[in-house]
>>> print(open('upload39.txt').read())   # compact mmCIF, C-alpha atoms
# COMPACT_ATOMS: atom_id res chain seq x y z
CA MET A 1 -169.02 156.28 17.42
CA ARG A 2 -171.18 157.67 20.24
CA GLN A 3 -168.04 158.93 22.02
CA LEU A 4 -166.77 160.59 18.84
CA ASN A 5 -170.20 162.11 18.34
CA LEU A 6 -170.15 163.66 21.81
CA ILE A 7 -166.56 164.93 21.44
CA SER A 8 -166.86 166.37 17.94
CA GLY A 9 -170.52 167.34 17.74
CA ARG A 10 -170.73 165.69 14.32
CA SER A 11 -173.39 163.14 13.45
CA VAL A 12 -172.61 159.43 13.36
CA ARG A 13 -173.32 159.42 9.61
CA THR A 14 -170.79 162.22 9.04
CA LEU A 15 -168.19 160.51 11.21
CA LYS A 16 -168.58 157.29 9.23
CA ARG A 17 -168.04 159.23 5.99
CA ILE A 18 -164.89 160.85 7.41
CA ILE A 19 -163.47 157.50 8.54
CA ALA A 20 -164.32 155.87 5.19
CA HIS A 21 -162.62 158.74 3.37
CA TRP A 22 -159.33 158.37 5.26
CA LEU A 23 -159.33 154.58 5.08
CA ALA A 24 -159.56 154.92 1.31
CA GLU A 25 -156.53 157.25 1.27
CA THR A 26 -152.91 156.11 1.35
CA PRO A 27 -150.82 157.81 4.05
CA PRO A 28 -148.23 160.28 2.73
CA GLU A 29 -144.65 159.05 2.74
CA LEU A 30 -142.50 159.94 5.72
CA LEU A 31 -138.76 160.43 5.47
CA ILE A 32 -137.54 157.50 7.57
CA PRO A 33 -133.94 158.03 8.82
CA TYR A 34 -132.73 154.53 7.90
CA ARG A 35 -129.05 155.45 8.12
CA SER A 36 -129.35 156.28 11.81
CA PHE A 37 -130.84 152.89 12.73
CA LYS A 38 -128.12 150.70 14.25
CA TYR A 39 -130.05 148.45 16.64
CA LEU A 40 -133.24 146.82 15.40
CA VAL A 41 -135.97 144.59 16.79
CA GLY A 42 -138.08 142.40 14.51
CA ASP A 43 -141.21 140.53 15.53
CA SER A 44 -144.71 139.58 14.41
CA THR A 45 -148.18 139.28 15.84
CA TYR A 46 -151.20 137.39 14.57
CA LEU A 47 -154.76 138.62 14.22
CA LYS A 48 -157.74 136.31 14.29
CA HIS A 49 -158.48 134.87 10.84
CA GLU A 50 -155.57 136.87 9.37
CA ASN A 51 -151.93 136.32 8.53
CA CYS A 52 -149.39 138.13 10.65
CA VAL A 53 -148.42 141.77 11.00
CA TYR A 54 -144.61 141.89 10.91
CA THR A 55 -142.68 144.97 12.01
CA VAL A 56 -139.07 146.03 12.40
CA ILE A 57 -138.45 148.91 14.80
CA ASP A 58 -135.48 151.03 15.75
CA TYR A 59 -134.76 149.99 19.34
CA SER A 60 -133.61 153.40 20.60
CA THR A 61 -136.46 155.53 19.21
CA GLY A 62 -139.32 153.09 18.59
CA VAL A 63 -139.71 154.25 14.97
CA VAL A 64 -141.29 151.53 12.82
CA ALA A 65 -138.60 151.08 10.17
CA ALA A 66 -140.58 148.58 8.07
CA TYR A 67 -143.71 146.49 8.30
CA GLY A 68 -145.96 144.14 6.42
CA TYR A 69 -149.65 143.38 6.95
CA GLY A 70 -151.33 140.12 6.04
CA VAL A 71 -148.02 138.38 5.39
CA LYS A 72 -146.61 134.99 6.33
CA GLU A 73 -143.59 135.02 8.63
CA ASN A 74 -141.21 133.26 6.27
CA TYR A 75 -137.98 133.74 4.32
CA ARG A 76 -139.62 135.47 1.36
CA MET A 77 -141.37 138.06 3.51
CA ALA A 78 -138.30 138.74 5.63
CA LYS A 79 -135.94 139.01 2.65
CA ALA A 80 -138.23 141.55 0.97
CA ILE A 81 -138.55 143.72 4.10
CA PHE A 82 -134.85 143.67 5.00
CA SER A 83 -133.78 144.27 1.39
CA GLU A 84 -136.04 147.32 1.18
CA MET A 85 -134.50 148.69 4.37
CA LYS A 86 -130.97 148.12 3.05
CA ALA A 87 -131.86 149.89 -0.20
CA GLY A 88 -132.94 152.86 1.93
CA GLY A 89 -129.49 153.03 3.52
CA CYS A 90 -130.05 150.95 6.67
CA LEU A 91 -126.83 149.27 7.83
CA PRO A 92 -127.56 148.00 11.34
CA VAL A 93 -125.11 146.61 13.89
CA ALA A 94 -127.55 144.17 15.49
CA ILE A 95 -131.12 142.91 15.39
CA THR A 96 -133.13 141.08 18.05
CA LEU A 97 -135.33 138.27 16.73
CA ASP A 98 -137.27 135.26 17.90
CA GLY A 99 -136.20 131.79 16.81
CA ASN A 100 -137.74 131.74 13.32
CA THR A 101 -134.89 130.19 11.29
CA GLN A 102 -136.19 131.48 7.95
CA VAL A 103 -136.18 135.09 9.18
CA ILE A 104 -132.71 134.66 10.67
CA ARG A 105 -131.44 133.24 7.36
CA ALA A 106 -132.92 136.18 5.44
CA VAL A 107 -131.44 138.83 7.72
CA ARG A 108 -127.97 137.27 7.52
CA GLU A 109 -128.16 137.15 3.73
CA VAL A 110 -129.07 140.83 3.53
CA TRP A 111 -126.57 141.97 6.19
CA PRO A 112 -123.86 139.26 6.46
CA ASN A 113 -122.02 140.97 9.33
CA ILE A 114 -125.04 141.73 11.51
CA ILE A 115 -125.25 140.45 15.09
CA VAL A 116 -128.43 138.42 15.66
CA GLN A 117 -129.58 138.52 19.28
CA ARG A 118 -132.11 135.85 20.26
CA CYS A 119 -135.04 137.28 22.21
CA LEU A 120 -134.77 135.99 25.77
CA TYR A 121 -138.48 136.41 26.43
CA HIS A 122 -139.37 134.14 23.50
CA ILE A 123 -136.97 131.51 24.85
CA LEU A 124 -138.54 131.81 28.31
CA ARG A 125 -142.11 131.67 26.99
CA GLN A 126 -141.56 128.80 24.58
CA GLY A 127 -139.43 126.75 26.98
CA THR A 128 -141.83 127.00 29.90
CA SER A 129 -144.77 126.28 27.60
CA TRP A 130 -143.17 123.06 26.37
CA LEU A 131 -142.10 121.97 29.85
CA ARG A 132 -145.51 122.78 31.36
CA ARG A 133 -146.19 124.42 34.69
CA PHE A 134 -145.77 121.37 36.90
CA PRO A 135 -143.54 118.82 35.11
CA LYS A 136 -143.17 115.42 36.76
CA ASP A 137 -139.97 114.24 35.07
CA PRO A 138 -136.87 115.24 37.14
CA ALA A 139 -135.03 116.34 33.98
CA ALA A 140 -137.94 118.58 32.99
CA LYS A 141 -138.26 119.99 36.52
CA GLU A 142 -134.61 121.04 36.62
CA LEU A 143 -134.57 122.34 33.04
CA ARG A 144 -137.64 124.47 33.75
CA LYS A 145 -135.83 126.07 36.69
CA ILE A 146 -132.92 126.90 34.38
CA VAL A 147 -135.18 128.36 31.68
CA LEU A 148 -136.86 130.59 34.27
CA THR A 149 -133.52 132.32 34.97
CA VAL A 150 -132.80 133.57 31.42
CA MET A 151 -134.41 136.99 31.99
CA ALA A 152 -132.30 137.54 35.11
CA ILE A 153 -128.92 137.37 33.35
CA ILE A 154 -127.57 140.93 33.64
CA ASP A 155 -123.79 140.48 33.68
CA ASN A 156 -120.99 138.02 32.89
CA ALA A 157 -121.13 136.49 36.36
CA SER A 158 -124.80 135.52 36.01
CA LYS A 159 -124.11 134.33 32.45
CA GLU A 160 -121.34 132.02 33.64
CA ALA A 161 -123.59 130.72 36.41
CA PHE A 162 -126.24 129.98 33.76
CA PHE A 163 -123.67 128.13 31.62
CA ASP A 164 -122.47 126.09 34.60
CA ARG A 165 -125.99 125.10 35.56
CA LEU A 166 -126.94 124.16 32.00
CA ASN A 167 -123.75 122.11 31.54
CA ASP A 168 -124.40 120.29 34.83
CA TRP A 169 -127.91 119.51 33.61
CA GLU A 170 -126.54 118.21 30.30
CA ARG A 171 -124.05 115.93 32.02
CA THR A 172 -126.77 114.56 34.30
CA TYR A 173 -129.73 114.28 31.94
CA GLY A 174 -128.52 114.90 28.36
CA SER A 175 -128.09 111.27 27.28
CA TYR A 176 -131.31 110.29 29.01
CA VAL A 177 -133.33 113.02 27.26
CA ARG A 178 -131.87 112.30 23.81
CA ALA A 179 -132.80 108.61 24.19
CA LEU A 180 -136.48 109.33 24.97
CA ASP A 181 -139.18 108.56 22.41
CA GLY A 182 -139.70 111.91 20.67
CA ARG A 183 -143.12 110.80 19.43
CA HIS A 184 -144.39 111.06 23.00
CA LYS A 185 -145.79 114.57 23.43
CA VAL A 186 -144.29 115.32 26.85
CA TRP A 187 -140.91 113.74 26.09
CA GLY A 188 -140.83 115.32 22.64
CA ASP A 189 -141.41 118.75 24.17
CA LEU A 190 -138.61 118.11 26.67
CA GLN A 191 -136.27 117.30 23.77
CA ARG A 192 -137.41 120.43 21.94
CA THR A 193 -136.69 122.61 24.98
CA ARG A 194 -133.19 121.16 25.26
CA SER A 195 -132.57 121.85 21.55
CA LEU A 196 -134.04 125.35 21.87
CA LEU A 197 -131.50 126.30 24.52
CA TRP A 198 -128.46 124.70 22.91
CA TYR A 199 -129.11 126.17 19.45
CA ALA A 200 -129.91 129.62 20.87
CA LEU A 201 -126.92 129.71 23.22
CA PRO A 202 -124.38 131.29 20.81
CA ASP A 203 -126.71 134.27 20.22
CA MET A 204 -128.29 134.73 23.63
CA PHE A 205 -125.89 137.14 25.33
CA HIS A 206 -124.64 139.71 22.79
CA TYR A 207 -126.44 142.42 24.78
CA LEU A 208 -123.94 141.96 27.63
CA ARG A 209 -121.14 143.20 25.34
CA ASP A 210 -123.13 146.02 23.73
CA ALA A 211 -125.74 147.91 25.74
CA GLY A 212 -127.40 149.13 22.54
CA ILE A 213 -128.65 145.62 21.73
CA ALA A 214 -132.16 144.75 22.88
CA PRO A 215 -132.18 141.52 24.95
CA THR A 216 -135.88 141.02 24.19
CA SER A 217 -138.50 142.12 21.68
CA ASN A 218 -140.77 143.37 24.47
CA LYS A 219 -140.79 146.86 22.96
CA GLN A 220 -142.54 145.31 19.97
CA GLU A 221 -145.10 143.68 22.26
CA GLY A 222 -146.11 147.14 23.51
CA LEU A 223 -146.53 148.34 19.92
CA PHE A 224 -148.67 145.33 19.04
CA SER A 225 -150.82 145.47 22.18
CA VAL A 226 -151.92 149.06 21.46
CA ALA A 227 -152.51 148.25 17.78
CA LYS A 228 -154.71 145.27 18.70
CA ILE A 229 -156.74 147.24 21.25
CA LEU A 230 -157.45 149.96 18.69
CA PHE A 231 -158.19 147.38 16.00
CA ARG A 232 -160.70 145.59 18.25
CA ASN A 233 -162.37 148.96 18.86
CA HIS A 234 -162.91 149.18 15.08
CA ARG A 235 -164.55 145.82 14.50
CA GLY A 236 -166.54 147.29 11.63
CA VAL A 237 -163.47 147.87 9.45
CA LYS A 238 -164.03 146.00 6.20
CA LYS A 239 -161.45 143.42 5.24
CA GLU A 240 -160.34 145.43 2.19
CA ASN A 241 -159.67 148.45 4.44
CA ARG A 242 -157.67 146.67 7.15
CA ARG A 243 -154.33 147.05 5.39
CA ASN A 244 -154.81 150.82 5.19
CA TYR A 245 -155.92 150.88 8.82
CA PHE A 246 -152.49 149.56 9.83
CA ASN A 247 -150.79 151.82 7.26
CA TRP A 248 -152.30 154.82 9.05
CA TYR A 249 -151.56 153.41 12.51
CA PHE A 250 -147.83 152.99 11.82
CA HIS A 251 -147.67 156.25 9.84
CA LEU A 252 -149.16 158.32 12.65
CA LYS A 253 -147.01 156.60 15.27
CA ASN A 254 -143.85 157.34 13.27
CA LYS A 255 -144.94 160.90 12.58
CA ASN A 256 -145.44 161.52 16.30
CA ILE A 257 -141.96 160.16 17.15
CA ILE A 258 -140.07 161.84 14.29
CA ASN A 259 -141.70 165.25 14.82
CA HIS A 260 -140.83 165.24 18.52
>>> encode(input="upload39.txt", output="structure tokens")
Amino acid sequence: MRQLNLISGRSVRTLKRIIAHWLAETPPELLIPYRSFKYLVGDSTYLKHENCVYTVIDYSTGVVAAYGYGVKENYRMAKAIFSEMKAGGCLPVAITLDGNTQVIRAVREVWPNIIVQRCLYHILRQGTSWLRRFPKDPAAKELRKIVLTVMAIIDNASKEAFFDRLNDWERTYGSYVRALDGRHKVWGDLQRTRSLLWYALPDMFHYLRDAGIAPTSNKQEGLFSVAKILFRNHRGVKKENRRNYFNWYFHLKNKNIINH
């Protein structure tokens, strides 16, 4: 508030009244060009003591096509968001998502022919988290090395090398890992990492056939990081005004992109 006071010359009391006024207002509707969106990215972020903020962006422009604040990342939320986009004329070719099975089910119900690309960064982050930084089990050590290569797959040759290495690992350690006691935390996480890779495999490399498909949802991470920084700078925003805070954030971001 002191910075705004120095920049604008208005008193802190006046500035608070201005902010309160706009937080009480609903942003005007923007004409979102749904029909032009062919490649989407969907992801969520969580705020402390809140449910998630879920957004779907157009990969080529960064326009926020749809979003929800204070929602749970589940089938019901995803079906509502994707159905609203379809009603607006959005018929995408592909969407990049993390591994949430409920969201994937919803998107395939709304757009049965859509290509679902699994976010490679989520696979990398989740796999290395489960396997830990310095695993002791030989199977975990080798699998961690394989997981660390997913972001480096840029062509069919590196994809085939990844397949070969994963198949070699499966032949060597697959039976051993499946037989481990899944109730044990370390062994259970090793089993989960194996399952993560095998279930994601059919949808990991669509981006190699179509350059328009996003291999990761990192573009969303940039959107969320700025939103969180600004939100933390407004710690005094009352809970009942937080939804409109994000309404204005996404509105102004879209307005800036569409008008340029």
>>> residues_near_point(input="upload39.txt", point="(-124.3, 140.2, 31.1)", cutoff="9 Å", atoms="only C-alpha atoms", output="list in words")
Ile153, Ile154, Asp155, Asn156, Ala157, Ser158, Lys159, Phe205, His206, Tyr207, Leu208 and Arg209 of chain A
>>> closest_residue(input="upload39.txt", among="A:Asn256, A:Asn74, A:Val110, A:Asp203", to="Ala87 (chain A)", atoms="all atoms listed in the file")
A:Val110
>>> residues_near_point(input="upload39.txt", point="(-161.7, 149.5, 8.2)", cutoff="12 Å", atoms="all atoms listed in the file", output="MDAnalysis selection string")
chainID A and resid 16:25 230:249
>>> closest_residue(input="upload39.txt", among="A:Ala179, A:Ala227, A:Leu31, A:Ile81", to="Tyr67 (chain A)", atoms="all atoms listed in the file")
A:Ile81
>>> closest_residue(input="upload39.txt", among="A:Ala211, A:Val116, A:Ile32, A:Met151", to="Ile57 (chain A)", atoms="all atoms listed in the file")
A:Ile32
>>> closest_residue(input="upload39.txt", among="A:Tyr39, A:Tyr176, A:Trp130, A:Phe162", to="Leu201 (chain A)", atoms="all atoms listed in the file")
A:Phe162
>>> residues_around(input="upload39.txt", residues="Arg194 (chain A)", least_positions_apart="3", cutoff="9 Å", atoms="all atoms listed in the file", output="PDB file with C-alpha atoms, in the coordinates of the input")
ATOM      1  CA  GLY A 127    -139.430 126.750  26.980  1.00  0.00           C
ATOM      2  CA  LEU A 143    -134.570 122.340  33.040  1.00  0.00           C
ATOM      3  CA  GLU A 170    -126.540 118.210  30.300  1.00  0.00           C
ATOM      4  CA  GLY A 174    -128.520 114.900  28.360  1.00  0.00           C
ATOM      5  CA  VAL A 177    -133.330 113.020  27.260  1.00  0.00           C
ATOM      6  CA  ASP A 189    -141.410 118.750  24.170  1.00  0.00           C
ATOM      7  CA  LEU A 190    -138.610 118.110  26.670  1.00  0.00           C
ATOM      8  CA  GLN A 191    -136.270 117.300  23.770  1.00  0.00           C
ATOM      9  CA  LEU A 197    -131.500 126.300  24.520  1.00  0.00           C
ATOM     10  CA  TRP A 198    -128.460 124.700  22.910  1.00  0.00           C
ATOM     11  CA  TYR A 199    -129.110 126.170  19.450  1.00  0.00           C
TER      12      TYR A 199
END
>>> closest_residue(input="upload39.txt", among="A:Asp137, A:Glu84, A:Glu73, A:Asp58", to="Gly99 (chain A)", atoms="all atoms listed in the file")
A:Glu73
>>> closest_residue(input="upload39.txt", among="A:Lys48, A:Lys38, A:His122, A:Arg13", to="Leu196 (chain A)", atoms="only C-alpha atoms")
A:His122
>>> atom_distance(input="upload39.txt", atom1="CA of Gly68 (chain A)", atom2="CA of Ser44 (chain A)")
9.3 Å
>>> decode(input="upload39.txt", residues="region 4-152 of chain A", atoms="C-alpha atoms", output="compact mmCIF listing (two decimals), in the first residue's frame")
# COMPACT_ATOMS: atom_id res chain seq x y z
CA LEU A 4 0.89 2.42 -4.36
CA ASN A 5 0.62 5.55 -2.24
CA LEU A 6 3.96 6.84 -3.53
CA ILE A 7 3.15 5.97 -7.16
CA SER A 8 -0.40 7.33 -7.27
CA GLY A 9 -0.31 10.11 -4.70
CA ARG A 10 -3.57 8.83 -3.23
CA SER A 11 -3.99 8.10 0.46
CA VAL A 12 -3.90 4.57 1.80
CA ARG A 13 -7.55 4.93 2.85
CA THR A 14 -8.56 5.91 -0.70
CA LEU A 15 -6.55 3.08 -2.21
CA LYS A 16 -8.24 0.56 0.07
CA ARG A 17 -11.65 1.90 -1.03
CA ILE A 18 -10.66 1.57 -4.70
CA ILE A 19 -9.45 -2.02 -4.23
CA ALA A 20 -12.58 -2.95 -2.25
CA HIS A 21 -14.75 -1.46 -4.99
CA TRP A 22 -13.18 -3.53 -7.77
CA LEU A 23 -13.09 -6.73 -5.71
CA ALA A 24 -16.84 -6.33 -5.26
CA GLU A 25 -17.33 -6.00 -9.03
CA THR A 26 -17.52 -8.92 -11.45
CA PRO A 27 -15.17 -8.61 -14.43
CA PRO A 28 -16.90 -7.94 -17.76
CA GLU A 29 -17.16 -10.90 -20.11
CA LEU A 30 -14.47 -11.29 -22.74
CA LEU A 31 -15.12 -12.90 -26.09
CA ILE A 32 -12.96 -16.02 -25.80
CA PRO A 33 -12.11 -17.51 -29.24
CA TYR A 34 -12.90 -21.11 -28.26
CA ARG A 35 -13.11 -22.32 -31.86
CA SER A 36 -9.47 -21.44 -32.49
CA PHE A 37 -8.17 -23.48 -29.55
CA LYS A 38 -6.78 -26.79 -30.83
CA TYR A 39 -4.07 -27.63 -28.30
CA LEU A 40 -4.87 -27.29 -24.61
CA VAL A 41 -3.07 -27.69 -21.30
CA GLY A 42 -4.97 -28.40 -18.09
CA ASP A 43 -3.52 -28.28 -14.59
CA SER A 44 -4.22 -27.20 -11.03
CA THR A 45 -2.45 -25.57 -8.14
CA TYR A 46 -3.29 -25.54 -4.44
CA LEU A 47 -3.37 -22.58 -2.08
CA LYS A 48 -2.84 -22.91 1.63
CA HIS A 49 -6.09 -23.75 3.44
CA GLU A 50 -7.98 -23.64 0.10
CA ASN A 51 -9.13 -26.08 -2.54
CA CYS A 52 -7.40 -25.91 -5.89
CA VAL A 53 -7.40 -23.37 -8.69
CA TYR A 54 -7.87 -25.33 -11.93
CA THR A 55 -7.18 -23.77 -15.32
CA VAL A 56 -7.22 -24.82 -18.95
CA ILE A 57 -5.10 -22.72 -21.30
CA ASP A 58 -4.59 -22.53 -25.03
CA TYR A 59 -1.03 -23.77 -25.51
CA SER A 60 -0.13 -21.52 -28.45
CA THR A 61 -1.37 -18.20 -27.04
CA GLY A 62 -1.53 -18.71 -23.26
CA VAL A 63 -5.17 -17.54 -23.13
CA VAL A 64 -6.97 -18.99 -20.10
CA ALA A 65 -9.83 -20.83 -21.79
CA ALA A 66 -11.54 -21.88 -18.54
CA TYR A 67 -10.86 -21.95 -14.83
CA GLY A 68 -12.35 -22.73 -11.46
CA TYR A 69 -11.41 -21.36 -8.03
CA GLY A 70 -11.92 -23.22 -4.78
CA VAL A 71 -12.77 -26.47 -6.54
CA LYS A 72 -11.75 -30.08 -6.01
CA GLU A 73 -9.77 -31.67 -8.83
CA ASN A 74 -12.22 -34.44 -9.60
CA TYR A 75 -14.50 -35.80 -12.31
CA ARG A 76 -17.40 -33.47 -11.52
CA MET A 77 -15.27 -30.33 -11.70
CA ALA A 78 -13.52 -31.40 -14.89
CA LYS A 79 -16.73 -32.47 -16.65
CA ALA A 80 -18.34 -29.10 -15.89
CA ILE A 81 -15.35 -27.09 -17.16
CA PHE A 82 -14.82 -29.12 -20.33
CA SER A 83 -18.55 -29.22 -21.12
CA GLU A 84 -18.75 -25.43 -20.84
CA MET A 85 -15.83 -25.09 -23.24
CA LYS A 86 -17.44 -27.48 -25.72
CA ALA A 87 -20.70 -25.53 -25.54
CA GLY A 88 -18.69 -22.43 -26.48
CA GLY A 89 -17.46 -24.15 -29.65
CA CYS A 90 -14.14 -25.58 -28.44
CA LEU A 91 -13.18 -28.72 -30.38
CA PRO A 92 -9.53 -29.39 -29.51
CA VAL A 93 -7.16 -31.86 -31.12
CA ALA A 94 -5.16 -32.59 -27.96
CA ILE A 95 -4.82 -31.72 -24.29
CA THR A 96 -1.85 -32.17 -21.95
CA LEU A 97 -2.76 -33.35 -18.45
CA ASP A 98 -1.19 -34.83 -15.35
CA GLY A 99 -2.14 -38.34 -14.26
CA ASN A 100 -5.46 -37.57 -12.53
CA THR A 101 -7.64 -40.42 -13.84
CA GLN A 102 -10.92 -38.64 -13.04
CA VAL A 103 -9.95 -35.61 -15.12
CA ILE A 104 -8.78 -37.84 -17.98
CA ARG A 105 -12.09 -39.74 -17.89
CA ALA A 106 -14.05 -36.47 -17.99
CA VAL A 107 -12.12 -35.02 -20.92
CA ARG A 108 -12.55 -38.21 -22.96
CA GLU A 109 -16.29 -38.23 -22.28
CA VAL A 110 -16.65 -34.64 -23.47
CA TRP A 111 -14.33 -35.02 -26.49
CA PRO A 112 -14.15 -38.76 -27.33
CA ASN A 113 -11.59 -38.29 -30.14
CA ILE A 114 -9.19 -36.02 -28.28
CA ILE A 115 -5.52 -36.97 -27.84
CA VAL A 116 -4.50 -36.96 -24.17
CA GLN A 117 -0.80 -36.23 -23.70
CA ARG A 118 0.60 -37.11 -20.27
CA CYS A 119 2.72 -34.31 -18.81
CA LEU A 120 6.33 -35.52 -18.78
CA TYR A 121 7.31 -33.16 -15.98
CA HIS A 122 4.64 -34.61 -13.66
CA ILE A 123 5.94 -38.11 -14.43
CA LEU A 124 9.50 -36.99 -13.69
CA ARG A 125 8.55 -35.20 -10.47
CA GLN A 126 6.30 -37.92 -9.10
CA GLY A 127 8.62 -40.78 -10.08
CA THR A 128 11.73 -39.26 -8.56
CA SER A 129 9.79 -38.30 -5.43
CA TRP A 130 8.63 -41.88 -4.90
CA LEU A 131 12.06 -43.35 -5.63
CA ARG A 132 13.84 -40.82 -3.40
CA ARG A 133 17.09 -39.06 -4.10
CA PHE A 134 19.46 -41.85 -3.09
CA PRO A 135 17.64 -45.20 -3.38
CA LYS A 136 19.47 -48.26 -2.06
CA ASP A 137 17.57 -50.98 -3.90
CA PRO A 138 19.24 -51.81 -7.28
CA ALA A 139 15.85 -51.89 -9.02
CA ALA A 140 15.00 -48.44 -7.67
CA LYS A 141 18.44 -47.06 -8.58
CA GLU A 142 18.10 -48.14 -12.21
CA LEU A 143 14.46 -47.09 -12.50
CA ARG A 144 15.32 -43.63 -11.17
CA LYS A 145 17.95 -43.25 -13.89
CA ILE A 146 15.32 -44.14 -16.49
CA VAL A 147 12.76 -41.70 -15.06
CA LEU A 148 15.34 -38.90 -15.16
CA THR A 149 15.58 -39.24 -18.96
CA VAL A 150 11.90 -38.59 -19.80
CA MET A 151 12.39 -34.85 -20.36
CA ALA A 152 15.25 -35.51 -22.79
